[in-house]
>>> print(open('model-v2.cif').read())   # mmCIF, C-alpha atoms
data_structure
loop_
_atom_site.label_atom_id
_atom_site.label_comp_id
_atom_site.auth_asym_id
_atom_site.auth_seq_id
_atom_site.Cartn_x
_atom_site.Cartn_y
_atom_site.Cartn_z
CA MET A 1 60.38 103.01 64.51
CA ALA A 2 57.11 101.09 64.44
CA THR A 3 54.32 101.87 62.05
CA VAL A 4 50.73 100.71 62.11
CA ARG A 5 48.57 101.30 59.06
CA LEU A 6 44.84 100.90 58.89
CA SER A 7 42.67 101.49 55.88
CA PHE A 8 38.91 101.28 56.01
CA SER A 9 35.91 101.70 53.73
CA PRO A 10 34.43 105.17 54.17
CA ALA A 11 31.59 104.13 56.48
CA PRO A 12 30.74 105.70 59.87
CA VAL A 13 30.73 102.31 61.59
CA HIS A 14 34.50 101.95 61.11
CA VAL A 15 35.46 105.26 62.71
CA ARG A 16 35.18 103.70 66.16
CA THR A 17 37.62 100.97 65.12
CA ALA A 18 40.10 103.63 63.99
CA ARG A 19 39.77 105.40 67.35
CA LEU A 20 40.36 102.18 69.28
CA VAL A 21 43.42 101.26 67.23
CA GLY A 22 44.76 104.83 67.43
CA VAL A 23 44.53 104.89 71.22
CA ALA A 24 46.02 101.41 71.56
CA VAL A 25 49.05 102.40 69.48
CA ALA A 26 49.37 105.72 71.36
CA ARG A 27 49.41 103.91 74.70
CA ARG A 28 52.00 101.46 73.40
CA ALA A 29 54.09 104.35 72.06
CA GLY A 30 54.20 105.96 75.50
CA VAL A 31 51.78 108.87 75.10
CA ARG A 32 50.80 110.11 78.56
CA GLU A 33 47.67 108.51 79.95
CA ASP A 34 45.94 111.88 80.48
CA LEU A 35 46.33 112.72 76.78
CA LEU A 36 44.64 109.56 75.52
CA ASP A 37 41.09 111.01 75.63
CA GLU A 38 42.29 113.80 73.38
CA VAL A 39 44.04 111.38 71.04
CA ARG A 40 40.84 109.35 70.81
CA LEU A 41 38.72 112.41 70.06
CA ALA A 42 41.13 113.91 67.54
CA ILE A 43 41.59 110.69 65.55
CA GLY A 44 37.81 110.28 65.58
CA GLU A 45 37.28 113.81 64.27
CA ALA A 46 39.87 113.44 61.52
CA CYS A 47 38.36 110.12 60.41
CA THR A 48 34.80 111.46 60.62
CA ARG A 49 35.84 114.35 58.40
CA ALA A 50 37.45 111.97 55.89
CA VAL A 51 34.40 109.66 55.80
CA ALA A 52 32.05 112.64 55.33
CA LEU A 53 34.15 113.95 52.43
CA HIS A 54 34.33 110.54 50.72
CA ARG A 55 30.56 110.17 50.97
CA GLN A 56 29.91 113.73 49.86
CA TYR A 57 32.02 113.26 46.72
CA GLY A 58 31.07 109.62 46.10
CA VAL A 59 34.64 108.43 46.66
CA THR A 60 34.67 104.72 47.48
CA ASP A 61 38.43 104.46 48.08
CA PRO A 62 39.42 103.59 51.63
CA VAL A 63 40.44 106.16 54.22
CA LEU A 64 44.01 105.59 55.38
CA VAL A 65 45.21 106.01 58.96
CA GLU A 66 48.93 105.68 59.58
CA MET A 67 50.43 105.77 63.05
CA SER A 68 54.09 105.84 63.93
CA ASP A 69 55.76 106.06 67.31
CA SER A 70 59.13 107.62 66.73
CA PRO A 71 60.39 110.19 67.59
CA ALA A 72 56.89 111.26 68.72
CA TYR A 73 53.49 109.66 68.23
CA SER A 74 52.24 110.85 64.86
CA VAL A 75 49.01 110.02 63.09
CA ARG A 76 48.18 110.73 59.46
CA VAL A 77 44.60 110.49 58.27
CA VAL A 78 44.42 110.59 54.49
CA ASP A 79 41.32 111.14 52.40
CA ARG A 80 40.95 111.12 48.60
CA ALA A 81 38.36 113.87 48.23
CA PRO A 82 38.81 116.51 45.51
CA ILE A 83 38.84 119.63 47.70
CA GLU A 84 41.26 122.39 48.55
CA ALA A 85 43.08 121.22 51.66
CA GLY A 86 42.90 123.22 54.82
CA ILE A 87 39.68 125.07 54.19
CA GLY A 88 37.35 125.60 57.10
CA LEU A 89 40.06 125.57 59.71
CA ALA A 90 38.36 128.22 61.78
CA ALA A 91 36.20 127.90 64.86
CA LEU A 92 32.73 129.37 64.68
CA PRO A 93 31.85 132.13 67.14
CA PRO A 94 29.16 131.20 69.71
CA ASP A 95 26.48 133.50 68.27
CA GLU A 96 26.77 131.71 64.93
CA LEU A 97 26.68 128.20 66.37
CA ALA A 98 22.97 128.30 67.21
CA ASN A 99 22.06 130.49 64.23
CA GLU A 100 19.02 129.23 62.34
CA SER A 101 20.67 129.62 58.94
CA LEU A 102 23.67 127.42 59.78
CA THR A 103 23.16 123.94 58.33
CA ASP A 104 23.80 120.83 60.41
CA GLU A 105 26.67 119.85 58.10
CA ALA A 106 28.36 123.25 58.38
CA LEU A 107 27.93 123.21 62.14
CA THR A 108 29.40 119.72 62.50
CA THR A 109 32.33 120.61 60.24
CA GLY A 110 33.05 123.82 62.14
CA VAL A 111 32.79 122.09 65.51
CA GLY A 112 34.96 119.21 64.28
CA PHE A 113 37.73 121.59 63.25
CA ALA A 114 37.43 123.50 66.52
CA LEU A 115 37.97 120.22 68.38
CA LEU A 116 40.97 119.23 66.24
CA ALA A 117 42.57 122.64 66.64
CA GLY A 118 41.73 122.74 70.34
CA PHE A 119 43.03 119.31 71.23
CA VAL A 120 46.04 118.92 68.93
CA GLU A 121 48.91 121.33 69.46
CA ASP A 122 50.85 120.00 66.49
CA LEU A 123 48.28 119.85 63.68
CA GLN A 124 48.70 120.15 59.93
CA VAL A 125 46.09 119.93 57.20
CA ARG A 126 47.63 119.82 53.74
CA PRO A 127 47.27 118.30 50.26
CA VAL A 128 48.71 114.80 49.87
CA ASP A 129 52.08 114.61 48.13
CA GLU A 130 50.76 112.45 45.29
CA GLY A 131 47.33 112.45 43.70
CA ILE A 132 44.11 113.90 45.04
CA GLY A 133 43.28 114.30 48.67
CA THR A 134 44.12 115.80 52.02
CA GLU A 135 46.28 114.65 54.88
CA VAL A 136 45.49 115.58 58.47
CA ARG A 137 48.68 115.11 60.47
CA MET A 138 48.67 115.13 64.26
CA VAL A 139 51.61 114.70 66.60
CA TRP A 140 51.72 114.07 70.36
CA PRO A 141 54.79 113.84 72.56
CA VAL A 142 55.79 110.50 74.07
CA GLY A 143 56.97 110.31 77.64
CA ARG A 144 60.09 108.23 77.28
CA MET B 145 30.27 100.79 74.56
CA GLU B 146 27.21 101.10 72.34
CA LEU B 147 24.79 104.01 72.58
CA SER B 148 22.02 103.66 75.16
CA LEU B 149 18.93 105.86 75.33
CA ALA B 150 16.27 105.95 78.07
CA THR B 151 13.50 108.45 78.62
CA ARG B 152 11.86 109.44 81.89
CA THR B 153 9.62 112.25 83.04
CA VAL B 154 10.44 114.63 85.88
CA GLY B 155 7.44 116.91 86.46
CA GLU B 156 7.01 118.93 83.27
CA HIS B 157 10.36 117.83 81.89
CA THR B 158 11.26 114.99 79.59
CA VAL B 159 14.68 113.65 80.52
CA LEU B 160 16.62 111.66 77.93
CA GLU B 161 19.40 109.68 79.56
CA VAL B 162 22.20 108.97 77.11
CA GLY B 163 24.99 106.48 77.71
CA GLY B 164 27.95 105.06 75.81
CA GLU B 165 29.48 106.56 72.68
CA VAL B 166 27.84 109.30 70.64
CA ASP B 167 29.72 109.49 67.35
CA VAL B 168 29.23 109.67 63.58
CA TYR B 169 27.77 106.14 63.62
CA THR B 170 25.42 106.39 66.61
CA ALA B 171 24.41 110.08 66.45
CA PRO B 172 21.60 109.44 63.91
CA ARG B 173 19.84 107.30 66.55
CA LEU B 174 20.10 110.11 69.09
CA ARG B 175 18.71 112.53 66.49
CA GLU B 176 15.77 110.21 65.76
CA ARG B 177 14.90 109.82 69.43
CA LEU B 178 15.02 113.58 70.05
CA LEU B 179 12.81 114.20 67.00
CA GLU B 180 10.34 111.57 68.23
CA LEU B 181 10.16 113.28 71.61
CA ILE B 182 9.72 116.75 70.15
CA ASP B 183 7.23 115.62 67.49
CA GLY B 184 5.38 113.78 70.27
CA GLY B 185 4.85 117.07 72.08
CA ALA B 186 7.78 117.30 74.51
CA ARG B 187 8.62 120.97 74.97
CA ARG B 188 10.91 120.96 78.00
CA VAL B 189 13.71 118.54 77.24
CA ILE B 190 16.77 117.73 79.32
CA VAL B 191 19.48 115.49 77.91
CA ASP B 192 21.46 113.79 80.67
CA LEU B 193 24.98 113.04 79.41
CA GLY B 194 26.05 111.53 82.76
CA ARG B 195 26.82 108.09 81.30
CA VAL B 196 28.32 109.26 78.01
CA ASP B 197 31.95 108.29 77.64
CA PHE B 198 32.55 109.65 74.15
CA LEU B 199 30.99 112.62 72.32
CA ASP B 200 32.15 113.98 68.96
CA SER B 201 31.22 116.82 66.61
CA THR B 202 28.38 114.83 65.04
CA GLY B 203 26.79 114.33 68.47
CA LEU B 204 27.22 118.00 69.28
CA GLY B 205 25.53 118.86 65.97
CA VAL B 206 22.52 116.72 66.91
CA LEU B 207 22.23 118.47 70.28
CA VAL B 208 22.38 121.92 68.64
CA GLY B 209 19.66 120.78 66.20
CA ALA B 210 17.38 119.85 69.11
CA LEU B 211 18.08 123.14 70.86
CA LYS B 212 17.13 125.12 67.74
CA ARG B 213 13.97 123.09 67.18
CA LEU B 214 12.77 123.52 70.76
CA ARG B 215 13.65 127.19 70.82
CA ALA B 216 11.57 127.73 67.64
CA ALA B 217 8.67 125.89 69.28
CA GLY B 218 8.82 128.03 72.42
CA GLY B 219 10.25 125.19 74.49
CA SER B 220 13.44 124.71 76.45
CA PHE B 221 16.49 122.48 76.15
CA ALA B 222 19.25 121.85 78.65
CA LEU B 223 22.12 119.44 79.17
CA VAL B 224 23.27 117.65 82.30
CA CYS B 225 27.01 117.05 82.40
CA ASP B 226 29.54 117.03 85.19
CA LYS B 227 32.46 115.19 83.59
CA GLU B 228 35.49 117.35 82.98
CA PRO B 229 36.54 115.74 79.66
CA LEU B 230 33.08 116.41 78.21
CA LEU B 231 32.91 119.92 79.68
CA LYS B 232 36.23 120.66 77.99
CA ILE B 233 34.69 119.73 74.63
CA PHE B 234 31.91 122.25 75.23
CA ARG B 235 34.40 124.95 76.20
CA ILE B 236 36.71 124.40 73.22
CA THR B 237 33.84 124.60 70.75
CA ALA B 238 32.25 127.59 72.59
CA LEU B 239 29.09 125.51 72.88
CA ASP B 240 29.20 126.12 76.65
CA GLN B 241 27.87 129.56 75.69
CA VAL B 242 25.06 128.07 73.63
CA PHE B 243 23.70 125.30 75.89
CA PRO B 244 22.42 125.62 79.43
CA LEU B 245 24.75 123.12 81.18
CA HIS B 246 23.96 121.80 84.65
CA PRO B 247 25.65 119.29 86.97
CA THR B 248 22.41 117.48 87.87
CA VAL B 249 18.91 116.94 86.49
CA ASP B 250 17.45 118.73 89.55
CA ALA B 251 19.59 121.78 88.83
CA ALA B 252 18.50 121.76 85.18
CA VAL B 253 14.82 121.55 86.17
CA SER B 254 15.12 124.38 88.73
CA ALA B 255 16.97 126.64 86.30
CA ASP B 256 14.44 126.31 83.44
CA PRO B 257 12.91 129.78 82.95
CA THR B 258 9.94 128.33 81.03
CA ARG B 259 8.70 125.96 83.75
CA THR B 260 5.36 126.69 85.35
CA GLY B 261 5.77 128.45 88.66
CA ALA B 262 9.39 129.33 87.90
#
>>> encode(input="model-v2.cif", output="structure tokens")
Amino acid sequence: MATVRLSFSPAPVHVRTARLVGVAVARRAGVREDLLDEVRLAIGEACTRAVALHRQYGVTDPVLVEMSDSPAYSVRVVDRAPIEAGIGLAALPPDELANESLTDEALTTGVGFALLAGFVEDLQVRPVDEGIGTEVRMVWPVGR
Amino acid sequence: MELSLATRTVGEHTVLEVGGEVDVYTAPRLRERLLELIDGGARRVIVDLGRVDFLDSTGLGVLVGALKRLRAAGGSFALVCDKEPLLKIFRITALDQVFPLHPTVDAAVSADPTRTGA
């Protein structure tokens, strides 16, 4: 089993780096080529969510991304924000998406979760085992 | 690839051509440019996503913001997109039911119900 860990300061500029690393490790692990766009998007959404939460709560700790390739390709994105894990895991209906009263933040969060849920079959959002924070865990099959 | 933004005019329409990656880092620049266009008087805006190779929830949020703003001002907003990976993003988020989506700029112009002589 090979593991790659990346931790980055909670700044938007680093999310792209996390996506690039995530896709490189996925390719190396043997994830099918036609799934890589989805891997890229899902890792980006999970990291974007983590960065937004750290900034919202003034948490300066790094966001952790951990990738491992056995038996499947799994990615954990760990934040340290003091919230109840798993909230907001519901897609917004179309008539609410363009509603005037919906804030940009709420819209982006709802759309982000819709993308995660839509692109990742094996998705878990749960509190971290130790301390404060949430872990978004995503798994993709490898074609070996 | 970095975000690229270029504006051109097609008849009554302002077309914003977007290229590269629209994500949590670059989306604020897209938002600024759209606000500049709308504040500068553009009322029929088409965003051409033909050269976009990555679009996330932050970018989608910016596009919805522009749609709402133009709708409130009595204008129109449409997207040009013919790439399947991007279209899938719109379907999964149900935003395909919110945005007018067209395969070409010409199709977006012709379909605009607010254009003069439509």
>>> closest_atom_pairs(input="model-v2.cif", of="chain B", to="chain A", cutoff="9 Å", atoms="all atoms listed in the file", output="Markdown table")
| residue | atom | partner | partner_atom | distance |
| --- | --- | --- | --- | --- |
| B:Asp167 | CA | A:Arg16 | CA | 8.0 |
| B:Val168 | CA | A:Pro12 | CA | 5.6 |
| B:Tyr169 | CA | A:Pro12 | CA | 4.8 |
| B:Thr170 | CA | A:Val13 | CA | 8.4 |
| B:Phe198 | CA | A:Leu41 | CA | 7.9 |
| B:Leu199 | CA | A:Leu41 | CA | 8.1 |
| B:Asp200 | CA | A:Leu41 | CA | 6.8 |
| B:Ser201 | CA | A:Gly112 | CA | 5.0 |
| B:Thr202 | CA | A:Thr108 | CA | 5.6 |
| B:Gly203 | CA | A:Thr108 | CA | 8.5 |
| B:Leu204 | CA | A:Thr108 | CA | 7.3 |
| B:Gly205 | CA | A:Thr108 | CA | 5.3 |
| B:Val206 | CA | A:Asp104 | CA | 7.8 |
| B:Val208 | CA | A:Ala98 | CA | 6.6 |
| B:Gly209 | CA | A:Asp104 | CA | 7.1 |
| B:Leu211 | CA | A:Ala98 | CA | 8.0 |
| B:Lys212 | CA | A:Ala98 | CA | 6.7 |
| B:Pro229 | CA | A:Asp37 | CA | 7.7 |
| B:Ile233 | CA | A:Leu115 | CA | 7.1 |
| B:Ile236 | CA | A:Gly118 | CA | 6.0 |
| B:Thr237 | CA | A:Ala114 | CA | 5.7 |
| B:Ala238 | CA | A:Pro94 | CA | 5.6 |
| B:Leu239 | CA | A:Pro94 | CA | 6.5 |
| B:Asp240 | CA | A:Pro94 | CA | 8.6 |
| B:Gln241 | CA | A:Pro94 | CA | 6.3 |
| B:Val242 | CA | A:Pro94 | CA | 6.5 |
>>> residues_near_point(input="model-v2.cif", point="(41.4, 110.7, 58.8)", cutoff="6 Å", atoms="only C-alpha atoms", output="list in words")
Ala46, Cys47, Ala50, Val77 and Val78 of chain A
>>> resolve_selection(input="model-v2.cif", expression="the PyMOL selection byres ((chain B and resi 214) around 12)", output="mmCIF file with C-alpha atoms, keeping the file's coordinate frame")
data_model
loop_
_atom_site.group_PDB
_atom_site.id
_atom_site.type_symbol
_atom_site.label_atom_id
_atom_site.label_comp_id
_atom_site.auth_asym_id
_atom_site.auth_seq_id
_atom_site.Cartn_x
_atom_site.Cartn_y
_atom_site.Cartn_z
ATOM 1 C CA ALA A 98 22.970 128.300 67.210
ATOM 2 C CA GLU A 100 19.020 129.230 62.340
ATOM 3 C CA LEU B 178 15.020 113.580 70.050
ATOM 4 C CA LEU B 179 12.810 114.200 67.000
ATOM 5 C CA LEU B 181 10.160 113.280 71.610
ATOM 6 C CA ILE B 182 9.720 116.750 70.150
ATOM 7 C CA ASP B 183 7.230 115.620 67.490
ATOM 8 C CA GLY B 185 4.850 117.070 72.080
ATOM 9 C CA ALA B 186 7.780 117.300 74.510
ATOM 10 C CA ARG B 187 8.620 120.970 74.970
ATOM 11 C CA ARG B 188 10.910 120.960 78.000
ATOM 12 C CA VAL B 189 13.710 118.540 77.240
ATOM 13 C CA ILE B 190 16.770 117.730 79.320
ATOM 14 C CA LEU B 207 22.230 118.470 70.280
ATOM 15 C CA VAL B 208 22.380 121.920 68.640
ATOM 16 C CA GLY B 209 19.660 120.780 66.200
ATOM 17 C CA ALA B 210 17.380 119.850 69.110
ATOM 18 C CA LEU B 211 18.080 123.140 70.860
ATOM 19 C CA LYS B 212 17.130 125.120 67.740
ATOM 20 C CA ARG B 213 13.970 123.090 67.180
ATOM 21 C CA ARG B 215 13.650 127.190 70.820
ATOM 22 C CA ALA B 216 11.570 127.730 67.640
ATOM 23 C CA ALA B 217 8.670 125.890 69.280
ATOM 24 C CA GLY B 218 8.820 128.030 72.420
ATOM 25 C CA GLY B 219 10.250 125.190 74.490
ATOM 26 C CA SER B 220 13.440 124.710 76.450
ATOM 27 C CA PHE B 221 16.490 122.480 76.150
ATOM 28 C CA ALA B 222 19.250 121.850 78.650
ATOM 29 C CA THR B 258 9.940 128.330 81.030
#
>>> closest_residue(input="model-v2.cif", among="A:Gly58, A:Gln124, A:Arg32, A:Glu130", to="Arg76 in chain A", atoms="all atoms listed in the file")
A:Gln124
>>> atom_distance(input="model-v2.cif", atom1="CA of Val59 in chain A", atom2="CA of Arg80 in chain A")
7.1 Å
>>> resolve_selection(input="model-v2.cif", expression="the PyMOL selection byres ((chain A and resi 8) around 8)", output="PDB file with C-alpha atoms, in the frame of the given file")
ATOM      1  CA  LEU A   6      44.840 100.900  58.890  1.00  0.00           C
ATOM      2  CA  SER A   7      42.670 101.490  55.880  1.00  0.00           C
ATOM      3  CA  SER A   9      35.910 101.700  53.730  1.00  0.00           C
ATOM      4  CA  PRO A  10      34.430 105.170  54.170  1.00  0.00           C
ATOM      5  CA  ALA A  11      31.590 104.130  56.480  1.00  0.00           C
ATOM      6  CA  HIS A  14      34.500 101.950  61.110  1.00  0.00           C
ATOM      7  CA  PRO A  62      39.420 103.590  51.630  1.00  0.00           C
ATOM      8  CA  VAL A  63      40.440 106.160  54.220  1.00  0.00           C
ATOM      9  CA  LEU A  64      44.010 105.590  55.380  1.00  0.00           C
TER      10      LEU A  64
END
>>> atom_distance(input="model-v2.cif", atom1="CA of Arg5 in chain A", atom2="CA of Ser74 in chain A")
11.8 Å
>>> atom_distance(input="model-v2.cif", atom1="CA of Glu176 in chain B", atom2="CA of Ala150 in chain B")
13.0 Å
>>> closest_residue(input="model-v2.cif", among="A:Val65, A:Leu20, A:Val75, A:Ala81", to="Gly131 in chain A", atoms="all atoms listed in the file")
A:Ala81
>>> resolve_selection(input="model-v2.cif", expression="the PyMOL selection byres ((chain B and resi 163) around 8)", output="list in words")
Glu146, Leu147, Ser148, Leu149, Glu161, Val162, Gly164, Glu165, Leu193, Gly194, Arg195, Val196 and Asp197 of chain B
>>> residues_near_point(input="model-v2.cif", point="(55.5, 108.4, 75.8)", cutoff="8 Å", atoms="only C-alpha atoms", output="number ranges by chain")
A: 27, 29-32, 72-73, 141-144
>>> decode(input="model-v2.cif", residues="range 16-103 of chain A", atoms="C-alpha atoms", output="PDB file, in the first residue's frame")
ATOM      1  CA  ARG A  16      -5.455  23.492  -7.534  1.00  0.00           C
ATOM      2  CA  THR A  17      -2.257  21.875  -6.266  1.00  0.00           C
ATOM      3  CA  ALA A  18      -4.324  19.372  -4.273  1.00  0.00           C
ATOM      4  CA  ARG A  19      -6.356  18.539  -7.393  1.00  0.00           C
ATOM      5  CA  LEU A  20      -3.223  18.006  -9.476  1.00  0.00           C
ATOM      6  CA  VAL A  21      -1.615  15.759  -6.872  1.00  0.00           C
ATOM      7  CA  GLY A  22      -4.884  13.852  -6.343  1.00  0.00           C
ATOM      8  CA  VAL A  23      -5.247  13.091 -10.047  1.00  0.00           C
ATOM      9  CA  ALA A  24      -1.578  12.148 -10.418  1.00  0.00           C
ATOM     10  CA  VAL A  25      -1.848   9.631  -7.569  1.00  0.00           C
ATOM     11  CA  ALA A  26      -5.176   8.314  -8.931  1.00  0.00           C
ATOM     12  CA  ARG A  27      -3.624   7.709 -12.348  1.00  0.00           C
ATOM     13  CA  ARG A  28      -0.651   5.977 -10.760  1.00  0.00           C
ATOM     14  CA  ALA A  29      -3.001   3.853  -8.632  1.00  0.00           C
ATOM     15  CA  GLY A  30      -4.804   2.608 -11.739  1.00  0.00           C
ATOM     16  CA  VAL A  31      -8.078   4.551 -11.609  1.00  0.00           C
ATOM     17  CA  ARG A  32      -9.714   4.397 -15.039  1.00  0.00           C
ATOM     18  CA  GLU A  33      -8.824   7.292 -17.306  1.00  0.00           C
ATOM     19  CA  ASP A  34     -12.481   8.256 -17.847  1.00  0.00           C
ATOM     20  CA  LEU A  35     -12.977   8.695 -14.091  1.00  0.00           C
ATOM     21  CA  LEU A  36     -10.100  11.133 -13.639  1.00  0.00           C
ATOM     22  CA  ASP A  37     -12.182  14.254 -14.430  1.00  0.00           C
ATOM     23  CA  GLU A  38     -14.547  13.235 -11.649  1.00  0.00           C
ATOM     24  CA  VAL A  39     -11.685  12.556  -9.256  1.00  0.00           C
ATOM     25  CA  ARG A  40     -10.272  15.999 -10.025  1.00  0.00           C
ATOM     26  CA  LEU A  41     -13.611  17.709  -9.466  1.00  0.00           C
ATOM     27  CA  ALA A  42     -14.459  15.812  -6.281  1.00  0.00           C
ATOM     28  CA  ILE A  43     -11.080  16.404  -4.621  1.00  0.00           C
ATOM     29  CA  GLY A  44     -11.378  20.067  -5.598  1.00  0.00           C
ATOM     30  CA  GLU A  45     -14.850  20.338  -4.069  1.00  0.00           C
ATOM     31  CA  ALA A  46     -13.817  18.628  -0.834  1.00  0.00           C
ATOM     32  CA  CYS A  47     -10.758  20.892  -0.500  1.00  0.00           C
ATOM     33  CA  THR A  48     -12.753  24.012  -1.405  1.00  0.00           C
ATOM     34  CA  ARG A  49     -15.234  23.123   1.318  1.00  0.00           C
ATOM     35  CA  ALA A  50     -12.428  22.613   3.851  1.00  0.00           C
ATOM     36  CA  VAL A  51     -10.726  25.916   2.944  1.00  0.00           C
ATOM     37  CA  ALA A  52     -14.045  27.786   3.173  1.00  0.00           C
ATOM     38  CA  LEU A  53     -14.740  26.320   6.626  1.00  0.00           C
ATOM     39  CA  HIS A  54     -11.250  27.136   7.930  1.00  0.00           C
ATOM     40  CA  ARG A  55     -11.599  30.724   6.743  1.00  0.00           C
ATOM     41  CA  GLN A  56     -15.132  31.048   8.067  1.00  0.00           C
ATOM     42  CA  TYR A  57     -14.058  29.921  11.540  1.00  0.00           C
ATOM     43  CA  GLY A  58     -10.626  31.566  11.498  1.00  0.00           C
ATOM     44  CA  VAL A  59      -8.840  28.214  11.676  1.00  0.00           C
ATOM     45  CA  THR A  60      -5.257  28.580  10.471  1.00  0.00           C
ATOM     46  CA  ASP A  61      -4.342  24.883  10.758  1.00  0.00           C
ATOM     47  CA  PRO A  62      -3.550  23.175   7.475  1.00  0.00           C
ATOM     48  CA  VAL A  63      -6.061  21.127   5.511  1.00  0.00           C
ATOM     49  CA  LEU A  64      -4.925  17.520   5.184  1.00  0.00           C
ATOM     50  CA  VAL A  65      -5.365  15.395   2.068  1.00  0.00           C
ATOM     51  CA  GLU A  66      -4.391  11.746   2.316  1.00  0.00           C
ATOM     52  CA  MET A  67      -4.447   9.411  -0.655  1.00  0.00           C
ATOM     53  CA  SER A  68      -3.899   5.690  -0.630  1.00  0.00           C
ATOM     54  CA  ASP A  69      -4.045   3.200  -3.457  1.00  0.00           C
ATOM     55  CA  SER A  70      -4.906  -0.120  -1.915  1.00  0.00           C
ATOM     56  CA  PRO A  71      -7.248  -1.949  -2.154  1.00  0.00           C
ATOM     57  CA  ALA A  72      -9.030   0.922  -3.957  1.00  0.00           C
ATOM     58  CA  TYR A  73      -8.058   4.545  -4.478  1.00  0.00           C
ATOM     59  CA  SER A  74      -9.213   6.403  -1.393  1.00  0.00           C
ATOM     60  CA  VAL A  75      -8.880  10.067  -0.557  1.00  0.00           C
ATOM     61  CA  ARG A  76      -9.477  11.670   2.830  1.00  0.00           C
ATOM     62  CA  VAL A  77      -9.825  15.429   3.090  1.00  0.00           C
ATOM     63  CA  VAL A  78      -9.687  16.542   6.706  1.00  0.00           C
ATOM     64  CA  ASP A  79     -10.653  19.944   8.043  1.00  0.00           C
ATOM     65  CA  ARG A  80     -10.445  21.270  11.616  1.00  0.00           C
ATOM     66  CA  ALA A  81     -13.595  23.389  11.668  1.00  0.00           C
ATOM     67  CA  PRO A  82     -15.903  23.223  14.699  1.00  0.00           C
ATOM     68  CA  ILE A  83     -19.109  22.133  12.954  1.00  0.00           C
ATOM     69  CA  GLU A  84     -21.429  19.161  13.022  1.00  0.00           C
ATOM     70  CA  ALA A  85     -20.161  16.825  10.319  1.00  0.00           C
ATOM     71  CA  GLY A  86     -22.373  15.862   7.463  1.00  0.00           C
ATOM     72  CA  ILE A  87     -24.744  18.799   7.512  1.00  0.00           C
ATOM     73  CA  GLY A  88     -25.894  20.186   4.211  1.00  0.00           C
ATOM     74  CA  LEU A  89     -25.538  16.945   2.332  1.00  0.00           C
ATOM     75  CA  ALA A  90     -28.603  17.613   0.235  1.00  0.00           C
ATOM     76  CA  ALA A  91     -28.898  18.931  -3.287  1.00  0.00           C
ATOM     77  CA  LEU A  92     -30.970  22.050  -3.780  1.00  0.00           C
ATOM     78  CA  PRO A  93     -34.009  21.814  -6.048  1.00  0.00           C
ATOM     79  CA  PRO A  94     -33.774  23.876  -9.276  1.00  0.00           C
ATOM     80  CA  ASP A  95     -36.422  26.421  -8.266  1.00  0.00           C
ATOM     81  CA  GLU A  96     -34.387  27.287  -5.181  1.00  0.00           C
ATOM     82  CA  LEU A  97     -31.060  27.578  -6.986  1.00  0.00           C
ATOM     83  CA  ALA A  98     -31.904  30.884  -8.667  1.00  0.00           C
ATOM     84  CA  ASN A  99     -34.017  32.153  -5.765  1.00  0.00           C
ATOM     85  CA  GLU A 100     -33.211  35.735  -4.810  1.00  0.00           C
ATOM     86  CA  SER A 101     -33.052  34.963  -1.097  1.00  0.00           C
ATOM     87  CA  LEU A 102     -30.395  32.251  -1.444  1.00  0.00           C
ATOM     88  CA  THR A 103     -26.977  33.674  -0.554  1.00  0.00           C
TER      89      THR A 103
END
